[in-house]
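> My file is target-v9.cif. It has mmCIF, C-alpha atoms and all ligand atoms:
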data_input
#
loop_
_atom_site.label_atom_id
_atom_site.label_comp_id
_atom_site.auth_asym_id
_atom_site.auth_seq_id
_atom_site.Cartn_x
_atom_site.Cartn_y
_atom_site.Cartn_z
CA MET A 266 -52.70 -64.93 54.47
CA THR A 267 -55.74 -65.44 56.73
CA ASN A 268 -55.37 -65.71 60.51
CA ALA A 269 -56.22 -69.41 60.26
CA ASP A 270 -53.37 -69.93 57.75
CA LYS A 271 -50.97 -68.00 59.98
CA ILE A 272 -51.87 -70.08 63.01
CA GLU A 273 -51.60 -73.27 60.98
CA SER A 274 -48.10 -72.21 59.91
CA LEU A 275 -47.09 -71.83 63.57
CA HIS A 276 -48.06 -75.41 64.31
CA ARG A 277 -45.43 -76.54 61.83
CA LEU A 278 -42.75 -74.92 64.06
CA PRO A 279 -41.07 -73.33 61.04
CA TRP A 280 -38.13 -71.98 63.05
CA TYR A 281 -36.34 -75.31 63.29
CA SER A 282 -35.56 -75.29 59.58
CA VAL A 283 -34.35 -71.68 59.33
CA ASP A 284 -30.74 -70.62 58.72
CA LEU A 285 -29.80 -67.65 60.87
CA PRO A 286 -27.90 -64.63 59.58
CA VAL A 287 -24.32 -64.88 60.88
CA LYS A 288 -24.64 -61.81 63.11
CA VAL A 289 -27.63 -63.33 64.89
CA LYS A 290 -26.02 -66.75 65.17
CA ASP A 291 -22.75 -65.40 66.54
CA GLY A 292 -24.08 -62.55 68.69
CA LYS A 293 -22.94 -62.84 72.31
CA GLY A 294 -25.92 -63.25 74.60
CA MET A 295 -27.94 -65.56 76.76
CA ILE A 296 -30.47 -67.14 74.45
CA HIS A 297 -30.00 -70.41 72.55
CA ALA A 298 -29.72 -70.75 68.76
CA ASP A 299 -33.21 -72.30 68.57
CA GLU A 300 -34.68 -69.36 70.48
CA ARG A 301 -32.92 -66.97 68.10
CA ARG A 302 -34.37 -68.92 65.15
CA MET A 303 -37.83 -68.75 66.69
CA LEU A 304 -37.68 -64.96 67.27
CA TYR A 305 -36.16 -64.34 63.84
CA THR A 306 -38.82 -66.44 62.09
CA LEU A 307 -41.69 -64.84 63.99
CA ALA A 308 -40.50 -61.35 63.00
CA ARG A 309 -39.72 -62.32 59.41
CA ASP A 310 -42.70 -64.49 58.51
CA TYR A 311 -45.43 -64.09 61.13
CA TYR A 312 -45.47 -60.48 62.30
CA SER A 313 -48.23 -58.46 60.58
CA GLY A 314 -47.64 -55.00 62.01
CA ALA A 315 -50.97 -55.04 63.86
CA GLY A 316 -49.17 -54.37 67.16
CA ARG A 317 -45.77 -53.79 68.72
CA ILE A 318 -42.99 -56.30 69.35
CA VAL A 319 -41.69 -56.31 72.92
CA ASP A 320 -38.20 -57.51 73.82
CA GLY A 321 -38.31 -57.63 77.61
CA GLY A 322 -34.84 -58.17 78.99
CA ALA A 323 -32.54 -57.05 76.18
CA PHE A 324 -29.12 -57.55 77.84
CA PHE A 325 -26.39 -57.51 75.13
CA GLY A 326 -29.00 -57.62 72.37
CA THR A 327 -29.31 -61.15 70.97
CA SER A 328 -33.09 -61.21 71.29
CA SER A 329 -33.37 -57.71 69.75
CA LEU A 330 -30.98 -58.69 67.01
CA SER A 331 -32.96 -61.84 66.17
CA LEU A 332 -36.22 -59.89 65.96
CA GLY A 333 -34.61 -56.96 64.13
CA PHE A 334 -32.94 -59.14 61.50
CA GLY A 335 -36.26 -60.90 60.93
CA LEU A 336 -37.75 -57.50 60.00
CA LYS A 337 -34.70 -56.43 58.00
CA ASP A 338 -34.60 -59.65 55.97
CA ARG A 339 -38.20 -59.22 54.87
CA ASP A 340 -37.52 -55.58 54.03
CA TYR A 341 -40.01 -54.33 56.60
CA ARG A 342 -40.49 -50.57 56.53
CA LYS A 343 -37.90 -48.82 58.71
CA GLU A 344 -39.92 -48.04 61.83
CA PRO A 345 -39.04 -48.65 65.48
CA VAL A 346 -41.74 -51.28 66.10
CA ILE A 347 -39.62 -53.22 68.63
CA ASP A 348 -39.65 -51.93 72.22
CA ALA A 349 -36.56 -53.19 74.03
CA PHE A 350 -36.47 -52.95 77.83
CA ASP A 351 -33.53 -53.26 80.19
CA CYS A 352 -31.96 -51.43 83.11
CA PHE A 353 -28.61 -52.10 81.37
CA ILE A 354 -26.79 -52.56 84.66
CA ILE A 355 -24.36 -55.43 84.35
CA ASP A 356 -24.13 -57.94 87.21
CA GLU A 357 -21.26 -59.99 88.60
CA TYR A 358 -22.29 -63.18 86.77
CA SER A 359 -22.33 -61.46 83.37
CA VAL A 360 -18.99 -59.72 83.90
CA LYS A 361 -17.48 -63.10 84.77
CA HIS A 362 -19.10 -65.19 82.03
CA TYR A 363 -19.17 -62.81 79.09
CA SER A 364 -15.83 -61.02 79.28
CA LYS A 365 -14.02 -63.49 76.98
CA PRO A 366 -12.22 -63.07 74.66
CA ALA A 367 -10.17 -60.50 76.57
CA GLY A 368 -10.93 -56.99 75.40
CA TRP A 369 -14.36 -57.86 73.99
CA PHE A 370 -16.05 -55.25 76.18
CA ARG A 371 -13.53 -52.75 74.72
CA LYS A 372 -13.38 -50.95 78.05
CA LYS A 373 -12.97 -51.86 81.70
CA ILE A 374 -16.31 -52.95 83.09
CA LYS A 375 -17.34 -54.15 86.54
CA ALA A 376 -20.57 -55.25 88.20
CA GLY A 377 -22.94 -52.30 88.57
CA ASP A 378 -21.66 -50.49 85.45
CA ASN A 379 -23.91 -49.44 82.61
CA MET A 380 -23.80 -51.85 79.64
CA ARG A 381 -26.05 -50.01 77.20
CA PHE A 382 -23.05 -49.24 74.96
CA ILE A 383 -22.58 -53.00 74.40
CA TYR A 384 -26.25 -53.40 73.51
CA GLU A 385 -26.15 -50.46 71.10
CA ARG A 386 -22.97 -51.70 69.48
CA ASN A 387 -24.46 -55.17 68.95
CA ILE A 388 -27.83 -54.13 67.57
CA ALA A 389 -26.40 -51.42 65.26
CA PRO A 390 -27.32 -53.28 62.00
CA VAL A 391 -31.02 -53.21 62.97
CA ALA A 392 -31.15 -50.11 65.21
CA GLU A 393 -33.77 -48.43 63.02
CA TYR A 394 -36.35 -51.00 64.16
CA ILE A 395 -35.80 -50.52 67.90
CA THR A 396 -36.96 -48.11 70.60
CA ILE A 397 -34.77 -48.53 73.67
CA HIS A 398 -36.34 -48.18 77.12
CA GLU A 399 -33.60 -47.93 79.72
CA GLY A 400 -34.40 -48.21 83.42
CA ASP A 401 -36.25 -50.31 85.98
CA LEU A 402 -39.13 -52.06 84.24
CA LEU A 403 -41.27 -51.66 87.35
CA LYS A 404 -41.26 -47.92 86.69
CA ALA A 405 -42.22 -48.25 83.03
CA PRO A 406 -45.98 -48.56 82.51
CA TRP A 407 -46.91 -49.76 79.02
CA LYS A 408 -48.58 -47.03 76.94
CA SER A 409 -47.88 -48.10 73.38
CA GLY A 410 -51.05 -49.99 72.46
CA PRO A 411 -51.54 -53.58 71.28
CA ILE A 412 -48.68 -56.07 71.35
CA GLU A 413 -48.34 -58.73 68.66
CA ILE A 414 -45.13 -60.48 69.76
CA LEU A 415 -44.17 -60.46 73.42
CA PHE A 416 -40.79 -61.90 74.34
CA SER A 417 -40.46 -61.94 78.11
CA ASP A 418 -37.00 -62.71 79.45
CA ILE A 419 -37.31 -60.41 82.43
CA SER A 420 -39.75 -62.19 84.76
CA LYS A 421 -37.19 -62.52 87.51
CA SER A 422 -39.52 -61.94 90.50
CA TRP A 423 -43.20 -62.12 91.47
CA GLN A 424 -43.25 -58.33 91.24
CA LEU A 425 -41.91 -58.26 87.70
CA ASN A 426 -44.32 -61.06 86.79
CA ASP A 427 -47.20 -58.90 88.09
CA HIS A 428 -45.98 -55.99 86.00
CA ILE A 429 -45.73 -58.16 82.87
CA ILE A 430 -49.29 -59.46 83.32
CA LYS A 431 -50.80 -56.04 84.03
CA ASN A 432 -48.94 -54.14 81.34
CA TRP A 433 -47.91 -56.49 78.57
CA ILE A 434 -50.07 -59.63 78.66
CA ALA A 435 -53.14 -57.41 79.02
CA ALA A 436 -52.14 -55.69 75.75
CA LEU A 437 -51.56 -58.88 73.73
CA ILE A 438 -53.71 -59.16 70.59
CA PRO A 439 -56.31 -61.94 70.89
CA GLU A 440 -56.15 -64.75 68.31
CA THR A 441 -52.78 -63.87 66.78
CA GLY A 442 -50.74 -62.48 69.71
CA ILE A 443 -47.67 -64.55 70.57
CA LEU A 444 -46.21 -64.76 74.06
CA ILE A 445 -42.78 -66.25 74.65
CA GLN A 446 -42.14 -66.94 78.32
CA GLN A 447 -38.37 -67.36 78.28
CA ASP A 448 -38.17 -67.68 82.05
CA GLN A 449 -40.64 -70.51 82.35
CA VAL A 450 -38.52 -73.62 81.96
CA GLN A 451 -36.15 -72.91 84.83
CA GLU A 452 -36.44 -74.05 88.42
CA TYR A 453 -36.51 -70.67 90.17
CA HIS A 454 -39.02 -68.60 88.18
CA VAL A 455 -42.01 -70.72 89.19
CA TRP A 456 -44.43 -67.75 89.14
CA VAL A 457 -44.37 -67.89 85.34
CA ALA A 458 -45.64 -71.48 85.22
CA ILE A 459 -48.26 -70.75 87.89
CA THR A 460 -49.52 -67.74 85.91
CA MET A 461 -49.64 -69.60 82.61
CA GLU A 462 -51.64 -72.43 84.19
CA ILE A 463 -54.14 -69.96 85.65
CA LEU A 464 -54.48 -68.56 82.12
CA SER A 465 -54.38 -71.93 80.37
CA ASP A 466 -57.91 -71.67 78.89
CA TYR A 467 -56.77 -68.59 76.99
CA PHE A 468 -53.41 -69.72 75.67
CA GLU A 469 -52.46 -72.46 73.27
CA VAL A 470 -49.01 -73.98 73.77
CA ILE A 471 -47.16 -73.80 70.46
CA ASP A 472 -43.72 -75.04 71.45
CA TYR A 473 -41.04 -75.37 74.02
CA THR A 474 -38.01 -73.90 72.27
CA PRO A 475 -34.86 -74.95 74.12
CA TYR A 476 -33.38 -73.88 76.36
CA SER A 477 -36.10 -72.13 78.26
CA SER A 478 -38.86 -70.65 76.13
CA MET A 479 -42.48 -71.71 76.30
CA VAL A 480 -44.15 -70.28 73.19
CA TYR A 481 -47.89 -69.52 73.36
CA ARG A 482 -50.63 -68.05 71.21
CA LEU A 483 -53.37 -66.02 72.88
CA LYS A 484 -56.64 -67.60 71.71
CA SER A 485 -59.11 -65.02 72.98
CA GLU A 486 -59.33 -61.95 75.16
CA ILE A 487 -58.57 -62.60 78.83
CA PRO A 488 -61.18 -61.18 81.23
CA ALA A 489 -59.74 -58.41 83.44
CA GLN A 490 -60.86 -60.35 86.53
CA LEU A 491 -58.74 -63.34 85.57
CA LEU A 492 -55.69 -61.16 84.99
CA GLU A 493 -56.28 -59.74 88.46
CA LYS A 494 -56.47 -63.29 89.82
CA CYS A 495 -52.92 -63.89 88.57
CA MET A 496 -51.47 -61.08 90.68
CA SER A 497 -49.13 -62.52 93.32
CA ALA A 498 -51.25 -61.16 96.17
CA ASN A 499 -54.23 -63.18 94.90
CA VAL A 500 -52.58 -66.58 94.43
CA THR A 501 -53.01 -68.88 97.43
CA LYS A 502 -50.45 -71.49 98.52
CA ASP A 503 -52.84 -74.31 97.54
CA GLU A 504 -53.18 -72.76 94.10
CA MET A 505 -49.41 -72.51 93.74
CA GLU A 506 -49.13 -76.25 94.35
CA HIS A 507 -52.09 -77.12 92.14
CA TYR A 508 -50.98 -75.02 89.17
CA TYR A 509 -47.31 -75.91 89.39
CA LEU A 510 -48.18 -79.64 89.44
CA ARG A 511 -50.39 -79.08 86.42
CA PHE A 512 -47.56 -77.40 84.54
CA LEU A 513 -45.30 -80.33 85.37
CA GLU A 514 -47.86 -82.65 83.77
CA ARG A 515 -48.18 -80.38 80.76
CA PHE A 516 -44.42 -80.12 80.30
CA ARG A 517 -44.05 -83.91 80.41
CA ARG A 518 -46.34 -84.01 77.36
CA VAL A 519 -44.84 -81.06 75.45
CA GLY A 520 -43.30 -82.18 72.17
CA MET A 521 -44.91 -85.59 72.71
CA GLY A 522 -42.71 -86.14 75.73
CA ARG A 523 -39.53 -85.33 73.78
CA TYR A 524 -38.09 -83.03 76.45
CA THR A 525 -36.96 -85.41 79.11
CA GLY A 526 -33.48 -85.35 80.67
CA TRP A 527 -32.20 -82.04 81.97
CA HIS A 528 -35.05 -80.01 80.41
CA LEU A 529 -37.59 -81.90 82.49
CA GLY A 530 -35.17 -81.88 85.44
CA MET A 531 -35.42 -78.07 85.65
CA VAL A 532 -39.21 -78.22 85.82
CA GLU A 533 -39.23 -81.07 88.37
CA ALA A 534 -36.72 -79.23 90.58
CA GLY A 535 -39.04 -76.20 90.39
CA LEU A 536 -41.62 -78.15 92.39
CA ALA A 537 -39.18 -78.34 95.32
CA VAL A 538 -38.58 -74.58 94.97
CA THR A 539 -42.34 -73.97 94.96
CA TYR A 540 -42.77 -75.91 98.21
CA GLY A 541 -39.63 -74.61 99.90
CA LEU A 542 -39.42 -70.96 98.91
CA HIS A 543 -43.03 -70.01 98.13
CA ILE A 544 -45.40 -72.29 100.02
CA GLY A 545 -43.11 -72.56 103.05
CA ASP A 546 -43.45 -76.34 103.46
CA LEU A 547 -39.85 -77.46 103.92
CA ASP A 548 -40.71 -81.12 104.59
CA LYS A 549 -42.49 -81.41 101.28
CA ALA A 550 -39.67 -79.47 99.56
CA ARG A 551 -37.01 -81.86 100.89
CA HIS A 552 -39.06 -84.95 100.04
CA THR A 553 -39.63 -83.64 96.49
CA LEU A 554 -35.95 -82.80 96.09
CA ARG A 555 -34.89 -86.30 97.20
CA GLN A 556 -37.31 -87.81 94.67
CA CYS A 557 -35.96 -85.51 91.99
CA GLU A 558 -32.37 -86.54 92.72
CA GLU A 559 -33.41 -90.19 92.61
CA LYS A 560 -35.14 -89.79 89.22
CA PHE A 561 -32.40 -87.67 87.67
CA ARG A 562 -29.35 -89.24 89.28
CA HIS A 563 -27.76 -89.80 85.86
CA ILE A 564 -28.33 -86.19 84.74
CA PRO A 565 -25.47 -83.99 86.02
CA ASP A 566 -27.27 -80.73 85.19
CA THR A 567 -30.27 -81.62 87.36
CA MET A 568 -28.04 -82.89 90.16
CA CYS A 569 -26.17 -79.54 90.20
CA ARG A 570 -29.45 -77.62 90.31
CA CYS A 571 -30.72 -79.84 93.15
CA ALA A 572 -27.49 -79.24 95.10
CA ALA A 573 -28.02 -75.48 94.79
CA ILE A 574 -31.60 -75.84 96.07
CA TRP A 575 -30.35 -77.94 99.05
CA ASP A 576 -27.99 -75.05 99.86
CA THR A 577 -30.97 -72.72 99.97
CA ILE A 578 -33.51 -74.81 101.87
CA GLY A 579 -31.09 -76.77 104.08
CA ARG A 580 -31.23 -80.52 104.82
CA GLY A 581 -33.23 -80.10 108.02
C1 LIG A 601 -31.68 -63.05 80.94
S1 LIG A 601 -31.24 -61.41 80.59
C2 LIG A 601 -31.88 -61.16 78.97
C3 LIG A 601 -31.11 -61.90 77.90
C4 LIG A 601 -31.39 -61.41 76.50
N1 LIG A 601 -32.80 -61.56 76.15
C5 LIG A 601 -30.53 -62.10 75.48
O1 LIG A 601 -31.03 -62.32 74.37
O2 LIG A 601 -29.35 -62.39 75.75
C6 LIG A 601 -32.34 -60.53 81.60
C7 LIG A 601 -32.19 -59.03 81.56
O3 LIG A 601 -33.21 -58.45 82.36
C8 LIG A 601 -32.72 -57.25 82.91
N2 LIG A 601 -33.53 -56.90 84.09
C9 LIG A 601 -33.75 -57.66 85.19
N3 LIG A 601 -34.57 -57.01 86.05
C10 LIG A 601 -34.87 -55.81 85.48
C11 LIG A 601 -35.67 -54.71 85.86
N4 LIG A 601 -36.33 -54.68 87.02
N5 LIG A 601 -35.77 -53.65 85.02
C12 LIG A 601 -35.09 -53.64 83.84
N6 LIG A 601 -34.31 -54.68 83.42
C13 LIG A 601 -34.20 -55.74 84.22
C14 LIG A 601 -31.26 -57.54 83.24
O4 LIG A 601 -30.51 -56.34 83.24
C15 LIG A 601 -30.86 -58.51 82.11
O5 LIG A 601 -30.15 -57.86 81.10
#
As structure tokens, please, write out the structure in this file.
Ligand SMILES: C[S@@+](CC[C@H](N)C(=O)[O-])C[C@H]1O[C@@H](n2cnc3c(N)ncnc32)[C@H](O)[C@@H]1O

Amino acid sequence: MTNADKIESLHRLPWYSVDLPVKVKDGKGMIHADERRMLYTLARDYYSGAGRIVDGGAFFGTSSLSLGFGLKDRDYRKEPVIDAFDCFIIDEYSVKHYSKPAGWFRKKIKAGDNMRFIYERNIAPVAEYITIHEGDLLKAPWKSGPIEILFSDISKSWQLNDHIIKNWIAALIPETGILIQQDQVQEYHVWVAITMEILSDYFEVIDYTPYSSMVYRLKSEIPAQLLEKCMSANVTKDEMEHYYLRFLERFRRVGMGRYTGWHLGMVEAGLAVTYGLHIGDLDKARHTLRQCEEKFRHIPDTMCRCAAIWDTIGRG
């Protein structure tokens, strides 16, 4: 298959018509069935072996499992081409939300404990495809060459975003490299949207795969200077506003405007977060949040998210 054929096949969004292996479908984890389908399909039908596959933010293993089963189901040679990264320290939220049914962890586990044993248990059927990198990502410079599929579900701060740009995005293969920004469609991780707008001449939007993944193809090599421009220290407050507003416009058009409702609500609420928590303009943040509540008053999910932002920025 030529590169042009491969790219053409992506535009048909083949993942929506794929049946998942039961273990991938039922695996306990944070990503949605459509995201699992997308990762599985990319590994099974798109991946060429020209570079590595990165699973950034592995947690209990559903993203690794989706990618690994994609390789297994095409009978890919047994090599650890997937690099999975996580500190494997479980937090309060995950202990609370993932401990059911009782006994599933198979041992007592509390916030701050190591959860790598859960990851290893879950990915066992595809372990031969995976290299595990345990520890703080910020202390793990990338040294493994070109990346063909980059799944980023670990961009939880400006600092991590900087690391991802410098280490992983810089290694993405031009023309065929795929970047999945799983943190982008969510109101708090606004640095991802700002970065992707700065880089918008270099990336083609392929899909928004619910719940949170923006899927991109890298069209051509990104100049080092532009990557440097994306570093948090180099993004001005005016640029934050400009680029976030541009993403909002882009997201309204994604899927021909199909993703309205609570999907769009997350992105709209992100504008208030951008003003309030990153630009430091609380008046604009409150005004934006009021507008958001007005627009999304019939969408409970958005209203809950807005309430949480009010708690953070205060009503003034
Ligand atoms: C949203 S979860 C990933 C979900 C996973 N992709 C799935 O399929 O269920 C994000 C993960 O990032 C990890 N993480 C966050 N910050 C990190 C850091 N600085 N270094 C290493 N891992 C980190 C957390 O431990 C968590 O497991």
> With distances taken over all atoms listed in the file, which residue among A:Gly579, A:Gly526, A:Gly400, A:Gly442 lies nearest Phe416 (chain A)?
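When distances to Phe416 (chain A) are compared using all atoms listed in the file, the smallest one comes from A:Gly442.
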> Could you give me the residues within 9 Å of ligand LIG 601 (chain A), counting all atoms listed in the file, as JSON, numbers by chain?
{"A": [292, 293, 294, 295, 296, 297, 300, 301, 320, 321, 322, 323, 324, 325, 326, 327, 328, 329, 330, 331, 350, 351, 352, 353, 354, 355, 356, 359, 380, 398, 399, 400, 401, 402, 403, 404, 405, 416, 417, 418, 419, 420, 421, 422, 424, 425, 447, 448]}
> Find, counting only C-alpha atoms, the residue in A:Gln490, A:Thr441, A:Asn379, A:Thr474 that gets nearest to Ser313 (chain A).
A:Thr441
> Do a neighbour search on Thr396 (chain A) at 7 Å with only C-alpha atoms, toss out local chain neighbours closer than 3 positions, and write the hits as number ranges by chain.
A: 345, 347-349
> Grab the CA of Ile374 (chain A) to CA of Gly333 (chain A) distance for me, in Å with one decimal place.
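Interatomic distance here is 26.7 Å.
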> Could you check how far CA of Gly522 (chain A) sits from CA of Leu536 (chain A), in Å to one decimal?
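Result for CA of Gly522 (chain A) versus CA of Leu536 (chain A): 18.5 Å, one decimal.
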> Work out how far apart CA of Glu440 (chain A) and CA of Arg277 (chain A) are and give it in Å to one decimal.
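Interatomic distance, CA of Glu440 (chain A) to CA of Arg277 (chain A): 17.2 Å.
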> Using all atoms listed in the file, find the one residue out of A:Leu278, A:Ile318, A:Met531, A:Ile395 that sits nearest to Asp566 (chain A).
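Of all the options, A:Met531 lies closest to Asp566 (chain A).
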> Any idea what's packed within 6 Å of Thr460 (chain A), counting only C-alpha atoms, ignoring anything in its chain fewer than 3 positions away? Could you give it as number ranges by chain?
A: 457, 463, 495
> How would the residues just picked look written out with C-alpha atoms as a PDB file, in the frame of the given file?

ATOM      1  CA  VAL A 457     -44.370 -67.890  85.340  1.00  0.00           C
ATOM      2  CA  ILE A 463     -54.140 -69.960  85.650  1.00  0.00           C
ATOM      3  CA  CYS A 495     -52.920 -63.890  88.570  1.00  0.00           C
TER       4      CYS A 495
END
> Compare A:Met505, A:Val360, A:Ala572, A:Leu275 by their minimum atom-to-atom distance to Gly545 (chain A), counting all atoms listed in the file, and give me the closest one.
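Nearest to Gly545 (chain A): A:Met505.
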> List as a PyMOL selection string the protein and nucleic acid residues near Gly316 (chain A), meaning an atom at most 12 Å away when all atoms listed in the file are counted, but skip any in the same chain fewer than 6 places from it.
chain A and resi 308+345-348+409-415+433+436-439+441-443
> I'd like the contact shell of region 551-555 of chain A - 7 Å cut-off, all atoms listed in the file, skipping same-chain residues fewer than 6 positions apart - returned as a VMD selection string.
chain A and resid 534 537 571
> Do you know which residues are at most 7 Å from Val532 (chain A) counting only C-alpha atoms, after dropping those on the same chain fewer than 5 positions away, and could you put them as a ChimeraX atom specification?
/A:450-452,513
> For Asp299 (chain A), which residue out of A:Pro286, A:Pro390, A:Pro475, A:Pro366 is the nearest one, using only C-alpha atoms?
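Among the listed residues, A:Pro475 lies closest to Asp299 (chain A).
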